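Visitor: The structure's right below; bear with me while I get my questions together.
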Amino acid sequence: MWIAEQGILIGAVRHNDRSSVARIFTRTHGMVPFIWFMSKSGRNASRNTLLQPLTHLEFQAEYVPTENLHHIKEAKNSLPYREIPFNPQKSAIALFLSEFLTHALRSEQNNPGLYTFLTESLRWFDNAPDGSYANFHIAFMIGTASHIGVCPNSDEYTPGAVLDMRDGCFTPLTPLHSDYMPAELSYKLNLLMNSSYDEINDAPLTGQERVTLLNSLNNYFRLHIPAFPVLKSIEILETVFG
C-alpha cells in the first residue's frame, strides 16, 4: 500500500543505468533504502536533481516487509534550499554531513526527535550568514550523537577535565589509554555541547583546532558505532577552508 511520507535524502548510489538506491531518513520509518528510477529526458529530468544529498522530500512510499529495497514515487522537494547548493563552503559541509549521517544513522529506526533536529538544523544552516557557521558541522555531530544515544556526558565537566572517549564522559584524571581528548580541546567541545547554533561561533576554535576536533569526534564515533569508518570528506573540508 502506498502512503504519504516525508524524509531527508542522506545519499544515493547508482544501481544501474535506470535506477539508483537512495537512502532516506524518513519521518515514520527511520533510515530506509529505496529504489529510485531515474529519467534522462524531457520534464522528468528534473527528478534527478532530487537525489542531491540532504534534500527534503515529500513522496509516496510503499514499504514491503519481505523486500530489502522499498519503492518510491511522486517525489518532490518539500523545503528547497536557498544557499546550500550554490555556496561552495556550505556545499562542502553538506557533503561532509551526508557522509557522516550515512554511517551514523545506518541502522536508525523511527526517531521523531532526530527527524525534527535534522530538519531544523539544516534549515538554520541554509539561512546562516557568512561568518556564523564555521563550527556548525561540529555542533551538528554533537546534536546527532545526543539523539542516537551516544553523546558524551557533560554533566560533570570541570575546568581542566579531559574527555575519555571510551567511557563517553569528562574526567579530571588522564586515562591510562590513548583514546581521550586533551584538556583544551575538551573545554572547547564542552562549550559547543552547551551552545545553541546562534552561539556556536563564540567557541574560540582555530582552523587547526577545528580539524583536530573533527578527527577526534570521528574517532569517538568509531568507538561507539559498529563499523563507523574514517570519514574521507574531512580532508575535503581542510582543503576548502584552508
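Letters A, B, ... mark the chains of the C-alpha cells in the order given; residue numbers begin at 1 per chain; ligand numbers begin at 1, in order shown.
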Based on the backbone DSSP call, show me all residues of range 143-206 of chain A assigned strand (DSSP E), as a list in words.

Guide: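 For range 143-206 of chain A, the strand (DSSP E) set is Val162, Leu163, Asp164, Cys169, Phe170, Thr171, Tyr180 and Met181 of chain A.
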
Visitor: So that I can see what lies close to Ala161 in chain A, please list as a list in words the residues with an atom at most 6 Å from it, counting only C-alpha atoms and leaving out residues fewer than 3 positions away in the same chain.

Guide: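 Near Ala161 in chain A, the qualifying residues are Thr158, Phe170, Thr171, Pro172 and Ala183 of chain A.
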
Visitor: Between CA of Glu199 in chain A and CA of Phe140 in chain A, what is the distance in Å, rounded to a tenth?

Guide: 13.0 Å

Visitor: Which residues in range 12-241 of chain A does DSSP call helix (DSSP H, G or I)? List them as a PyMOL selection string.

Guide: chain A and resi 42-51+88-104+112-127+136-147+183-193+197-202+207-224+233-241

Visitor: Could the residues in this selection be saved with C-alpha atoms as a short mmCIF file (atom, residue, chain, number, x, y, z; two decimals), in the first residue's frame?

Guide:
data_model
loop_
_atom_site.label_atom_id
_atom_site.label_comp_id
_atom_site.auth_asym_id
_atom_site.auth_seq_id
_atom_site.Cartn_x
_atom_site.Cartn_y
_atom_site.Cartn_z
CA GLY A 42 12.04 15.89 -21.02
CA ARG A 43 10.40 17.40 -18.00
CA ASN A 44 11.15 14.33 -15.86
CA ALA A 45 14.89 15.08 -15.94
CA SER A 46 14.34 17.48 -13.04
CA ARG A 47 13.52 14.47 -10.85
CA ASN A 48 17.17 13.50 -10.85
CA THR A 49 18.14 16.74 -9.06
CA LEU A 50 16.17 15.45 -6.07
CA LEU A 51 19.00 12.97 -5.46
CA PRO A 88 30.90 26.33 -2.18
CA GLN A 89 31.63 26.30 1.55
CA LYS A 90 28.11 25.24 2.51
CA SER A 91 28.12 22.60 -0.24
CA ALA A 92 31.38 21.15 1.13
CA ILE A 93 29.93 20.99 4.65
CA ALA A 94 26.74 19.38 3.29
CA LEU A 95 28.78 16.63 1.60
CA PHE A 96 30.57 16.01 4.89
CA LEU A 97 27.25 15.84 6.76
CA SER A 98 25.90 13.42 4.17
CA GLU A 99 28.86 11.07 4.66
CA PHE A 100 28.62 11.38 8.44
CA LEU A 101 24.86 10.67 8.53
CA THR A 102 25.21 7.75 6.12
CA HIS A 103 27.21 5.89 8.76
CA ALA A 104 25.81 7.40 11.97
CA PRO A 112 10.77 11.71 15.56
CA GLY A 113 13.03 13.84 17.74
CA LEU A 114 16.02 13.17 15.50
CA TYR A 115 13.97 13.90 12.38
CA THR A 116 12.93 17.27 13.80
CA PHE A 117 16.51 18.03 14.84
CA LEU A 118 17.86 17.29 11.35
CA THR A 119 15.18 19.36 9.64
CA GLU A 120 15.58 22.39 11.90
CA SER A 121 19.40 22.18 11.86
CA LEU A 122 19.60 22.12 8.07
CA ARG A 123 17.12 24.99 7.81
CA TRP A 124 19.29 27.05 10.19
CA PHE A 125 22.43 26.18 8.24
CA ASP A 126 20.89 27.12 4.90
CA ASN A 127 19.91 30.56 6.22
CA PHE A 136 28.17 24.19 12.58
CA HIS A 137 29.22 20.73 11.40
CA ILE A 138 30.85 20.01 14.77
CA ALA A 139 27.74 21.13 16.70
CA PHE A 140 25.62 19.10 14.26
CA MET A 141 27.64 15.94 15.01
CA ILE A 142 27.18 16.50 18.74
CA GLY A 143 23.44 17.05 18.35
CA THR A 144 23.08 13.92 16.25
CA ALA A 145 25.02 11.93 18.85
CA SER A 146 22.60 13.15 21.52
CA HIS A 147 19.58 11.95 19.54
CA ALA A 183 42.02 19.32 28.19
CA GLU A 184 41.99 22.42 25.95
CA LEU A 185 40.08 20.66 23.19
CA SER A 186 37.75 19.06 25.75
CA TYR A 187 36.99 22.53 27.10
CA LYS A 188 36.01 23.80 23.64
CA LEU A 189 33.96 20.69 22.92
CA ASN A 190 32.08 21.26 26.17
CA LEU A 191 31.38 24.85 25.10
CA LEU A 192 29.87 23.63 21.83
CA MET A 193 27.85 20.95 23.61
CA TYR A 197 23.55 27.28 16.86
CA ASP A 198 23.36 31.05 17.26
CA GLU A 199 26.13 30.79 19.89
CA ILE A 200 28.48 28.26 18.28
CA ASN A 201 30.88 30.85 16.87
CA ASP A 202 31.57 32.00 20.42
CA GLY A 207 41.19 26.30 11.90
CA GLN A 208 43.67 23.65 13.01
CA GLU A 209 41.79 23.01 16.26
CA ARG A 210 38.61 22.56 14.24
CA VAL A 211 40.28 19.88 12.11
CA THR A 212 41.74 18.18 15.19
CA LEU A 213 38.35 18.20 16.89
CA LEU A 214 36.68 16.75 13.79
CA ASN A 215 39.20 13.92 13.67
CA SER A 216 38.78 13.29 17.40
CA LEU A 217 34.99 13.14 17.03
CA ASN A 218 35.44 10.77 14.09
CA ASN A 219 37.45 8.50 16.42
CA TYR A 220 34.76 8.89 19.09
CA PHE A 221 32.05 7.66 16.72
CA ARG A 222 34.27 4.78 15.61
CA LEU A 223 34.45 3.69 19.25
CA HIS A 224 30.68 3.86 19.79
CA SER A 233 35.35 14.23 3.50
CA ILE A 234 37.27 15.69 6.45
CA GLU A 235 40.15 16.15 4.01
CA ILE A 236 37.82 18.00 1.63
CA LEU A 237 36.84 20.40 4.40
CA GLU A 238 40.52 21.03 5.15
CA THR A 239 41.08 21.94 1.51
CA VAL A 240 38.00 24.18 1.17
CA PHE A 241 38.63 26.05 4.41
#

Visitor: For CA of Gly149 in chain A and CA of Gly11 in chain A, quote the distance in Å rounded to one decimal.

Guide: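 Interatomic distance here is 22.5 Å.
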
Visitor: Rank A:Pro152, A:Pro33, A:Pro65, A:Pro85 by their smallest atom-to-atom distance to Ala12 in chain A, using only C-alpha atoms, and report the top residue only.

Guide: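 Counting only C-alpha atoms, the residue closest to Ala12 in chain A is A:Pro33.
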
Visitor: Tell me, in Å to one decimal, how far CA of Gln60 in chain A is from CA of Ala75 in chain A.

Guide: 6.8 Å

Visitor: Of the candidates A:Leu9, A:His70, A:Pro229, A:Phe34, which one gets nearest to Gln52 in chain A if we count only C-alpha atoms?

Guide: A:Leu9

Visitor: Taking 3 positions as the minimum chain separation for residues in the same chain, which residues sit within 7 Å of Trp36 in chain A when counting only C-alpha atoms? Answer as an NGL selection string.

Guide: :A and (19-22 or 72)
